[in-house]
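In what follows, a structure is listed as structure tokens, so that the remarks can point back to it.
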Amino acid sequence: MTILGWALAVSAVVKGIIFLFGYLHNQVFPQPLEEEEERSYLIKLKNGSEEARNVLIERNLRLVAHVVRKYESSGEDMEDLISIGTIGLIKAIKTYNDDRGVRLATYAARCIENEVFITCSGGKKW
């Protein structure tokens with residue numbers, strides 16, 4: 001990945017964290033995409049659209065907050081878990097394959113869960 005690519009990824013993570021903090025404190029988040037909108041953005045993403053990737057990240061941040069809340073009692077810092085969960089979401093969007101017949105949210109929830117679980121279990125993978 002180029003320096004520009006990393007800068008864009010970090011920018012998306014920071015933006016995601018800001019949205020998540022807003023959600024956790026104000027319960028305000030962009031609504032998830034409708035199925036047809038999601039499909040359209042996934043097609044744009046396949047064609048290399050950074051804007052589509054960013055929209056998919058932003059509109060799925062509610063999912064990160066939902067998964068992270070399961071780990072509130074783990075003793076881990078919530079800010080760290082939100083950051084790690086957002087990284088899991090970014091990885092999910094990067095590796096998602098709609099040919100398998102699974103919705104993005106289903107796949108992303110598992111990726112987010114895996115990232116957070118690794119952190120809460122001291123680095124041990126499933």
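Residues are referred to by chain and number: the chain letter is A, B, ... according to the order shown in the structure tokens, the number counts from 1 in that chain, and ligands are numbered separately from 1 in the order shown.
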Would you kindly return, as a PyMOL selection string, each protein, DNA or RNA residue with an atom no farther than 9 Å from any atom of region 47-56 of chain A, considering only C-alpha atoms and excluding same-chain residues fewer than 2 positions away? chain A and resi 8-9+12+32-33+38+40-45+58-61+90+93-94
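Minimum atom-to-atom distances from A:Ile118, A:Ala105, A:Ala65, A:Ile57 to Ser11 (chain A) were compared using only C-alpha atoms, and the lowest value belongs to A:Ile57.
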Atomic distance CA of Val10 (chain A) - CA of Leu81 (chain A), expressed in Å with one decimal: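 We find that CA of Val10 (chain A) and CA of Leu81 (chain A) lie 15.9 Å from each other.
We find CA of Ala109 (chain A) and CA of Val67 (chain A) to be spaced 7.0 Å apart.
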Could you state the separation of CA of Ser83 (chain A) and CA of Thr2 (chain A) in Å, given to one decimal place?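 Here the two named atoms are 21.6 Å from each other.
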Got a sec: who's within 12 Å of Asn114 (chain A), counting only C-alpha atoms, leaving out chain neighbours fewer than 5 positions off, as a PyMOL selection string? chain A and resi 64+67-68+71+81+84-89+91-92+107-109+119-121+123-126
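Take the candidates A:Glu113, A:Arg39, A:Ile3, A:Leu63 and check each one against Asp99 (chain A) using only C-alpha atoms; the shortest distance goes to A:Arg39.
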Please identify which residues in region 2-123 of chain A DSSP calls alpha helix (DSSP H) from the backbone, and express them as an MDAnalysis selection string. chainID A and resid 3:26 35:46 50:59 61:69 78:95 104:120
With only C-alpha atoms as the basis for distance, which of A:Val13, A:Pro30, A:Lys46, A:Glu36 is at the shortest distance from Arg103 (chain A)?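 Smallest separation from Arg103 (chain A) among the options: A:Glu36.
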